[in-house]
Number of protein chains: 2
Amino acid sequence: MVTLAEVAQHAGVSASTVSYVLSGKRSISATTRQRVEQSIRELGYHPNAGARALAGKRSNIIALMVPLRTDMYVPVLMEIAIAVATTARTHGYDVLLLTGEEGPDAVRRVTGSGLADAMILMDVELEDERLPLLRGGGAPGRAKSGPGDDQPSVLIGLPADTTGLTCVDLDWSATGALCVEHLAGLGHRDIAVIGEAPAVYERHTGFAERTLDGLRSRARETGVRVLHRPCEGGYDALALTLARIFDERPGTTGFVVQNESAVEPLLALLRQQGRAVPEDVSVVAICPDQVAVQASVRLTSVAIPAQEMGRRAVEHLVAKLDGRGGDEVVLLAPELTVRASSGPAPAAP
Amino acid sequence: MVTLAEVAQHAGVSASTVSYVLSGKRSISATTRQRVEQSIRELGYHPNAGARALAGKRSNIIALMVPLRTDMYVPVLMEIAIAVATTARTHGYDVLLLTGEEGPDAVRRVTGSGLADAMILMDVELEDERLPLLRGGGAPGRAKSGPGDDQPSVLIGLPADTTGLTCVDLDWSATGALCVEHLAGLGHRDIAVIGEAPAVYERHTGFAERTLDGLRSRARETGVRVLHRPCEGGYDALALTLARIFDERPGTTGFVVQNESAVEPLLALLRQQGRAVPEDVSVVAICPDQVAVQASVRLTSVAIPAQEMGRRAVEHLVAKLDGRGGDEVVLLAPELTVRASSGPAPAAP
DNA sequence: TTGAAAGCGCTAACAA
DNA sequence: TTGTTAGCGCTTTCAA
């Protein structure tokens with residue numbers, strides 16, 4: 001293994017000079033810098049991560065906690081994770097992958113050991129046990145144990161109380177509103193919402209409820225009726241749900257789907273029932289663009305900006321670590337893309 | 001931050017005693033051990049990762065390289081990654097998430113900096129540029145730079161030349177054979193294989209070709225005809241592929257699908273054409289169980305054992321790090337589960 | 001613009 | 001069974 005001392009000797013300078021060439025924390029004459037860089041290349045030197053962390057008090061590692069079982073669609077999780085990893089690298093950080101399994105202990109372990117300088121949590125629940133450990137000094141009624149004791153962190157998703165936390169998420173409420181707006185604008189008056197599995201709502205995962213809120217309040221404003229039905233994925237579950245919807249509201253002409261595994265079954269069943277999309281019914285999905293594009297009917301959809309979420313999370317975290325920027329809730333504006341699954345409401349019979 | 005020295009003082013012992021209590025590398029009297037453990041708990045001590053890595057020459061971190069763009073189905077990747085992370089934790093290791101983006105440089109960086117003790121590579125290509133850096137001493141024509149210089153590693157997937165490498169993978173060839181065997185056993189004589197996108201084959205990613213080999217050789221043995229067609233995912237592409245298949249081999253009664261995004265389109269199109277599954281045609285999929293179960297027809301399938309692959313990879317790596325076990329190719333035996341999509345071939349007209 | 005030297009917190013000889 | 005101590009490789013004062 002090549003050490004800094006060896007590089008220094010090879011270049012005929014002191015160790016500190018090599019260190020400063022690497023960190024850029026003091027000015028170095030062009031000639032020494034070149035000699036040092038030359039030696040680094042020749043010897044194939046890589047600074048030792050442990051020694052760096054020990055002496056520099058920063059590991060240059062960001063911990064990313066991904067949930068084991070989740071309400072999110074797996075490809076979205078993966079895309080976020082990858083965006084986190086690549087963005088982190090552009091800022092000189094590596095990413096440590098933690099699973100939700102360890103729970104709050106993982107937070108303590110990572111914080112206490114200095115393994116990571118900061119952490120990103122995905123799929124936070126409304127009342128998450130890990131949050132007390134992460135809240136900044138702003139939270140009332142909590143004594144800070146000391147400066148530097150709390151781990152800078154960013155959540156992807158919104159808990160119930162965001163005091164003293166930084167969060168990045170899609171603006172789900174605006175997303176819901178946008179879907180209704182689109183359908184209402186096309187003249188639809190009876191809209192059905194096919195949602196996530198009931199368990200998702202019961203667990204009070206924020207995004208599902210927020211979407212619904214947005215959906216309903218815009219529905220009120222536009223004078224549209226909304227019928228919401230949670231739904232497990234798959235054909236059988238959807239067949240039942242769909243039957244109940246048309247039973248209760250035969251005049252339904254618009255669908256909003258927020259459940260990737262219900263998308264294809266919905267299209268298939270509508271087809272089977274002889275309801276043409278978008279002539280008879282319109283469908284708007286809340287899903288990654290890839291799903292919208294690959295469906296049997298190209299779907300009008302609001303995209304889930306996975307990459308953007310990962311990127312923004314890292315950027316906020318890096319800003320915190322650099323002493324810039326503090327707690328903040330970042331809501332990404334939803335964007336609706338019109339494709340082939342939505343059109344004017346059919347004239348009333 | 002609590003240090004080992006503080007714990008030692010609090011417990012009234014020396015630093016080394018605390019260290020040995022933690023590592024268990026020498027015998028400690030029950031009473032001192034208890035006092036130390038008590039102090040550790042009271043003070044909330046966590047050993048500093050950097051210092052440990054520096055002094056102990058091991059970071060207790062395993063690097064996991066996941067591909068950016070991949071031929072694998074994303075949920076499978078994710079499942080493997082999570083299995084790697086959880087298994088690693090049970091062995092006292094954390095996982096560093098690297099993306100394929102950096103390529104061989106990431107290997108050098110991690111090796112050189114001592115950031116990780118070992119690495120796991122997913123989705124290796126047949127001729128992968130990272131492999132030369134990972135091959136053990138066994139490879140002829142390559143001088144080892146020195147002992148301990150090569151990173152212990154495990155690949156998930158098989159490259160063309162496995163000399164000096166440890167690999168874990170599903171036995172794709174046996175998987176292909178198993179599919180044919182099942183269909184042949186049911187009396188099918190004309191089988192079509194709907195494969196991955198052409199790009200996958202062109203890139204010579206091992207698994208696709210191996211599956212085909214297994215498929216074909218067993219077909220020869222059982223006197224079955226096999227027609228292979230690569231296929232992009234989605235409805236349009238599949239519609240074309242399917243038309244060409246029935247055009248060329250009107251008597252086709254069995255399908256093997258190795259492409260998650262072709263599964264549902266295939267079922268929909270067959271239905272649309274009035275071909276009943278499994279009465280008129282049988283379908284066997286190579287996909288995760290979840291996909292097989294959630295499809296509109298519960299699919300007879302060979303599972304992709306994602307968790308098992310992740311777990312085994314870590315276990316082999318840990319064995320290597322502990323000086324046990326060397327290079328080895330581990331092929332997991334495929335298992336076929338019969339569900340509702342396969343049945344006896346229809347009597348010839 | 002550069003060098004010398006004191007740690008960072010831990011592990012592992014070496015001693016007792 | 002326990003303590004003492006010399007580093008591990010780097011960062012960062014302090015001095016020149």
# chains A, B, ... in the order shown; residues from 1 in each chain; ligands from 1
>>> select_by_dssp(residues="stretch 65-218 of chain A", states="strand (DSSP E or B)", output="MDAnalysis selection string")
chainID A and resid 65:66 94:99 118:122 153:156 167:170 190:194
>>> closest_atom_pairs(of="chain C", to="chain A", cutoff="10 Å", atoms="only C-alpha atoms (C1' of nucleotides)", output="JSON lines")
{"residue": "C:DT1", "atom": "C1'", "partner": "A:Ile28", "partner_atom": "CA", "distance": 6.4}
{"residue": "C:DT2", "atom": "C1'", "partner": "A:Thr17", "partner_atom": "CA", "distance": 7.1}
{"residue": "C:DG3", "atom": "C1'", "partner": "A:Ser14", "partner_atom": "CA", "distance": 6.2}
{"residue": "C:DA4", "atom": "C1'", "partner": "A:Ser14", "partner_atom": "CA", "distance": 8.8}
{"residue": "C:DG7", "atom": "C1'", "partner": "A:Ala55", "partner_atom": "CA", "distance": 8.3}
{"residue": "C:DC8", "atom": "C1'", "partner": "A:Ala55", "partner_atom": "CA", "distance": 4.7}
{"residue": "C:DG9", "atom": "C1'", "partner": "A:Leu54", "partner_atom": "CA", "distance": 7.4}
{"residue": "C:DC10", "atom": "C1'", "partner": "A:Leu54", "partner_atom": "CA", "distance": 9.8}
>>> residues_around(residues="stretch 248-252 of chain B", least_positions_apart="4", cutoff="10 Å", atoms="only C-alpha atoms (C1' of nucleotides)", output="list of chain:residue names")
B:His188, B:Arg189, B:Asp190, B:Ile191, B:Ala192, B:Arg225, B:Val226, B:Leu227, B:Leu242, B:Ala243, B:Arg244, B:Asp280, B:Val281, B:Ser282, B:Ala345, B:Ala348, B:Pro349
>>> residues_around(residues="stretch 296-310 of chain B", least_positions_apart="6", cutoff="7 Å", atoms="only C-alpha atoms (C1' of nucleotides)", output="VMD selection string")
(chain A and resid 235) or (chain B and resid 76 79 to 81 83 to 84 168 to 169 175 283 to 289 334 to 342)
>>> residues_around(residues="A:Gly157", least_positions_apart="6", cutoff="8 Å", atoms="only C-alpha atoms (C1' of nucleotides)", output="ChimeraX atom specification")
/A:122-124,167-170,206-207
>>> atom_distance(atom1="atom CA of A:Gly103", atom2="atom CA of A:Met65")
9.2 Å
>>> residues_around(residues="C:DA6", least_positions_apart="3", cutoff="12 Å", atoms="only C-alpha atoms (C1' of nucleotides)", output="PyMOL selection string")
(chain A and resi 55) or (chain D and resi 11-14)
>>> write_last_selection(atoms="N, CA, C and O atoms (P, O5', C5', C4', C3', O3' and C1' of nucleotides)", output="short mmCIF file (atom, residue, chain, number, x, y, z; two decimals), in the first residue's frame")
data_model
loop_
_atom_site.label_atom_id
_atom_site.label_comp_id
_atom_site.auth_asym_id
_atom_site.auth_seq_id
_atom_site.Cartn_x
_atom_site.Cartn_y
_atom_site.Cartn_z
N ALA A 55 -8.22 11.48 11.22
CA ALA A 55 -7.56 12.77 11.39
C ALA A 55 -8.47 13.93 10.99
O ALA A 55 -8.45 14.99 11.63
P DT D 11 -5.50 14.02 4.65
"O5'" DT D 11 -5.61 14.86 6.01
"C5'" DT D 11 -6.80 14.80 6.75
"C4'" DT D 11 -6.68 15.71 7.96
"C3'" DT D 11 -6.59 17.19 7.62
"O3'" DT D 11 -7.42 17.86 8.54
"C1'" DT D 11 -4.76 16.56 8.96
P DT D 12 -7.87 19.34 8.28
"O5'" DT D 12 -7.02 20.16 9.36
"C5'" DT D 12 -6.89 19.64 10.67
"C4'" DT D 12 -5.76 20.35 11.40
"C3'" DT D 12 -5.55 21.80 10.98
"O3'" DT D 12 -5.36 22.58 12.15
"C1'" DT D 12 -3.53 20.65 10.89
P DT D 13 -6.07 24.01 12.24
"O5'" DT D 13 -4.82 25.00 12.37
"C5'" DT D 13 -4.61 25.63 13.61
"C4'" DT D 13 -3.57 24.87 14.44
"C3'" DT D 13 -2.45 25.79 14.91
"O3'" DT D 13 -2.47 25.91 16.33
"C1'" DT D 13 -1.59 23.78 13.92
P DC D 14 -1.93 27.23 17.04
"O5'" DC D 14 -0.36 27.09 16.78
"C5'" DC D 14 0.35 25.97 17.35
"C4'" DC D 14 1.77 25.98 16.80
"C3'" DC D 14 2.42 27.37 16.77
"O3'" DC D 14 3.66 27.31 17.44
"C1'" DC D 14 2.68 26.25 14.70
#
>>> closest_atom_pairs(of="chain D", to="chain B", cutoff="9 Å", atoms="only C-alpha atoms (C1' of nucleotides)", output="CSV")
residue,atom,partner,partner_atom,distance
D:DT1,C1',B:Ile28,CA,6.6
D:DT2,C1',B:Thr17,CA,7.0
D:DG3,C1',B:Ser14,CA,6.2
D:DT4,C1',B:Ser14,CA,8.9
D:DG7,C1',B:Ala55,CA,8.3
D:DC8,C1',B:Ala55,CA,4.6
D:DG9,C1',B:Leu54,CA,7.4
>>> interface_residues(of="chain A", to="chain B", cutoff="9 Å", atoms="only C-alpha atoms", output="PyMOL selection string")
chain A and resi 1-2+44-55+57-59+61+63+66+68+74-75+77-78+81-82+85-86+94-99+101+108-115+149+233-236+261+264-265+268+293-297
>>> select_by_dssp(residues="stretch 47-252 of chain A", states="helix (DSSP H, G or I)", output="PyMOL selection string")
chain A and resi 49-56+74-90+100-102+104-113+131-134+172-185+198-202+206-222+235-248
>>> atom_distance(atom1="atom CA of A:Ala219", atom2="atom CA of A:Leu186")
13.4 Å
